[in-house]
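K.L.:
Supplied structure: run_9.csv, CSV, C-alpha atoms.
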```csv
chain,number,residue,atom,x,y,z
A,233,MET,CA,0.0,0.0,0.0
A,234,ILE,CA,1.3,3.5,-0.8
A,235,ASP,CA,1.9,6.0,1.9
A,236,TYR,CA,-1.1,8.3,2.0
A,237,THR,CA,-2.2,10.9,4.5
A,238,ASN,CA,-3.4,9.6,7.9
A,239,LYS,CA,-7.0,10.2,6.8
A,240,GLN,CA,-6.5,8.2,3.6
A,241,LYS,CA,-4.8,5.4,5.6
A,242,GLY,CA,-7.7,5.3,7.9
A,243,ASN,CA,-10.1,5.1,5.0
A,244,CYS,CA,-8.1,2.3,3.4
A,245,GLY,CA,-8.1,0.3,6.7
A,246,LEU,CA,-11.9,0.8,7.0
A,247,GLY,CA,-12.4,-0.4,3.4
A,248,ILE,CA,-10.2,-3.5,4.0
A,249,ALA,CA,-12.1,-4.3,7.2
A,250,ILE,CA,-15.5,-4.0,5.4
A,251,ALA,CA,-14.2,-6.3,2.6
A,252,TYR,CA,-12.9,-8.8,5.1
A,253,PHE,CA,-16.1,-9.0,7.1
A,254,THR,CA,-18.4,-9.0,4.1
A,255,THR,CA,-16.5,-11.8,2.3
A,256,ASN,CA,-16.6,-13.9,5.6
A,257,GLY,CA,-20.4,-13.8,5.9
A,258,TYR,CA,-20.9,-10.9,8.2
A,259,ILE,CA,-23.6,-8.2,7.7
A,260,VAL,CA,-21.7,-4.9,8.1
A,261,SER,CA,-23.3,-1.7,9.3
A,262,ILE,CA,-21.6,1.6,9.1
A,263,PRO,CA,-22.6,4.4,11.5
A,264,LEU,CA,-23.9,7.7,10.1
A,265,ASN,CA,-21.5,9.9,12.2
A,266,ASP,CA,-18.2,9.5,14.0
A,267,THR,CA,-19.3,10.3,17.6
A,268,GLN,CA,-19.5,6.7,18.7
A,269,ASP,CA,-16.5,4.5,19.8
A,270,TYR,CA,-16.9,2.0,17.0
A,271,ASP,CA,-16.3,2.2,13.2
A,272,LEU,CA,-18.4,-0.8,12.2
A,273,LEU,CA,-21.1,-3.1,13.6
A,274,ILE,CA,-20.8,-6.7,12.4
A,275,ASP,CA,-23.6,-9.2,12.6
A,276,LYS,CA,-23.2,-12.9,12.2
A,277,ASP,CA,-25.6,-15.6,13.4
A,278,ASN,CA,-27.7,-12.8,15.0
A,279,LYS,CA,-24.9,-11.6,17.2
A,280,ILE,CA,-24.0,-8.0,16.8
A,281,GLU,CA,-20.6,-6.8,17.8
A,282,SER,CA,-18.8,-3.4,17.5
A,283,VAL,CA,-15.4,-2.9,15.9
A,284,GLN,CA,-12.9,-0.1,16.0
A,285,VAL,CA,-10.6,-0.1,13.0
A,286,LYS,CA,-6.9,1.1,13.0
A,287,TYR,CA,-4.4,1.2,10.2
A,288,THR,CA,-0.6,1.2,10.8
A,289,SER,CA,2.5,1.5,8.8
A,290,CYS,CA,4.7,2.1,11.8
A,291,LYS,CA,7.3,-0.6,12.8
A,292,THR,CA,9.3,-1.0,16.0
A,293,LYS,CA,13.1,-1.4,15.9
A,294,TYR,CA,12.4,-5.2,16.1
A,295,GLY,CA,10.4,-5.1,12.9
A,296,ASN,CA,6.9,-5.6,14.5
A,297,TYR,CA,4.1,-3.3,13.5
A,298,GLN,CA,3.0,-0.9,16.2
A,299,VAL,CA,-0.6,0.5,16.3
A,300,ALA,CA,-1.6,3.6,18.2
A,301,LEU,CA,-4.4,2.9,20.6
A,302,LYS,CA,-5.2,6.5,21.4
A,303,SER,CA,-7.2,9.1,19.5
A,304,CYS,CA,-5.9,12.6,19.5
A,305,GLY,CA,-7.3,15.8,18.2
A,306,GLY,CA,-8.1,19.5,18.8
A,307,THR,CA,-5.7,22.4,18.4
A,308,LYS,CA,-3.3,21.0,21.0
A,309,GLY,CA,-3.5,17.3,19.8
A,310,ASN,CA,-4.6,16.1,23.2
A,311,THR,CA,-5.6,12.5,23.7
A,312,TYR,CA,-9.4,12.3,24.0
A,313,LYS,CA,-9.8,8.5,24.2
A,314,THR,CA,-7.9,5.3,24.1
A,315,VAL,CA,-9.2,1.9,22.9
A,316,ILE,CA,-9.4,0.3,26.4
A,317,ASP,CA,-11.7,3.2,27.5
A,318,THR,CA,-14.1,2.6,24.7
A,319,ASN,CA,-17.2,0.5,24.4
A,320,VAL,CA,-16.1,-1.8,21.6
A,321,ASP,CA,-15.8,-5.6,21.2
A,322,TYR,CA,-12.9,-5.8,18.8
A,323,LEU,CA,-9.9,-3.9,17.5
A,324,PHE,CA,-9.4,-4.6,13.9
A,325,VAL,CA,-5.9,-3.7,12.7
A,326,VAL,CA,-4.7,-3.4,9.1
A,327,THR,CA,-1.0,-3.1,8.4
A,328,LYS,CA,0.8,-1.5,5.5
A,329,GLU,CA,1.2,-5.0,3.9
A,330,THR,CA,-2.6,-5.5,4.4
A,331,ASP,CA,-2.1,-8.1,7.2
A,332,MET,CA,-5.2,-8.1,9.4
A,333,TYR,CA,-5.7,-8.7,13.1
A,334,MET,CA,-9.0,-9.0,14.9
A,335,ILE,CA,-8.1,-8.6,18.6
A,336,PRO,CA,-10.7,-8.8,21.4
A,337,LYS,CA,-10.7,-5.5,23.3
A,338,GLU,CA,-10.9,-7.4,26.6
A,339,ILE,CA,-7.3,-8.7,26.2
A,340,ILE,CA,-5.8,-5.3,25.5
A,341,SER,CA,-4.2,-3.7,28.6
A,342,ASN,CA,-2.0,-1.0,26.9
A,343,ARG,CA,-3.2,2.5,26.8
A,344,SER,CA,-0.9,4.1,24.2
A,345,THR,CA,0.4,1.6,21.6
A,346,LEU,CA,0.2,-2.1,20.9
A,347,ASN,CA,3.1,-4.0,19.2
A,348,LEU,CA,1.9,-6.8,16.9
A,349,CYS,CA,4.4,-9.3,18.2
A,350,ASP,CA,4.1,-13.1,18.5
A,351,LYS,CA,1.6,-12.7,21.3
A,352,TYR,CA,-1.0,-11.5,18.8
A,353,LYS,CA,-0.3,-14.0,15.9
A,354,ILE,CA,-3.4,-16.0,17.0
A,355,TYR,CA,-5.6,-13.0,16.1
A,356,LYS,CA,-4.1,-12.7,12.6
A,357,LYS,CA,-6.6,-13.2,9.8
```
So, in terms of structure tokens, how does the structure I just supplied come out?

P.N.:
Amino acid sequence: MIDYTNKQKGNCGLGIAIAYFTTNGYIVSIPLNDTQDYDLLIDKDNKIESVQVKYTSCKTKYGNYQVALKSCGGTKGNTYKTVIDTNVDYLFVVTKETDMYMIPKEIISNRSTLNLCDKYKIYKK
């Protein structure tokens, strides 16, 4: 994937997530605004779950992808929320090479970043 602006990267991650869930038999619902914690609702076998989608092209010095868990904004770039403080079921991460991870929020304990090391291989799609 080419390096785009952060907004374009986020849109690519969201598009890839929608394609993944749709081709795997989920009904995908997209919210009308961006004031909720989730980016998508997925429905399979009458079970609706919420998903926050993140894209990353950042690697650690050990070669693992690192994903930012906090959302920043405003004129000072202050953190206004982090994944573990949100009401979502899953974090869906897309890397620059389009690797995908579907990580249950309940196992995430980090507040700032998450390194996609061996511990998270079981969540790779």

K.L.:
Compare A:Tyr352, A:Phe253, A:Thr288, A:Pro263 by their minimum atom-to-atom distance to A:Thr330, counting all atoms listed in the file, and give me the closest one.

P.N.:
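Closest candidate: A:Thr288.
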
K.L.:
Atom CA of A:Ile248 to atom CA of A:Thr314: how many Å, to one decimal?

P.N.:
22.1 Å

K.L.:
In Å, rounded to a single decimal, give me how far atom CA of A:Val326 is from atom CA of A:Gly245.

P.N.:
5.6 Å

K.L.:
Mind giving me the straight-line distance from atom CA of A:Ala300 to atom CA of A:Leu273 in Å, one decimal?

P.N.:
21.1 Å

K.L.:
From the set A:Asn319, A:Asn238, A:Asn256, A:Asn278, which residue has the shortest atom-to-atom contact distance to A:Lys357, counting all atoms listed in the file?

P.N.:
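Checking each candidate against A:Lys357, we get A:Asn256 as the closest.
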
K.L.:
I need the residue nearest A:Asp317 from this list: A:Cys244, A:Asn296, A:Ser282, A:Asp269. Use all atoms listed in the file for the distance.

P.N.:
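Closest residue, counting all atoms listed in the file: A:Asp269.
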
K.L.:
Using only C-alpha atoms, can you list as number ranges by chain the residues within 12 Å of (-14.9, 1.6, 26.0)?

P.N.:
A: 268-270, 282-284, 301-302, 313-323, 337-338, 340, 343
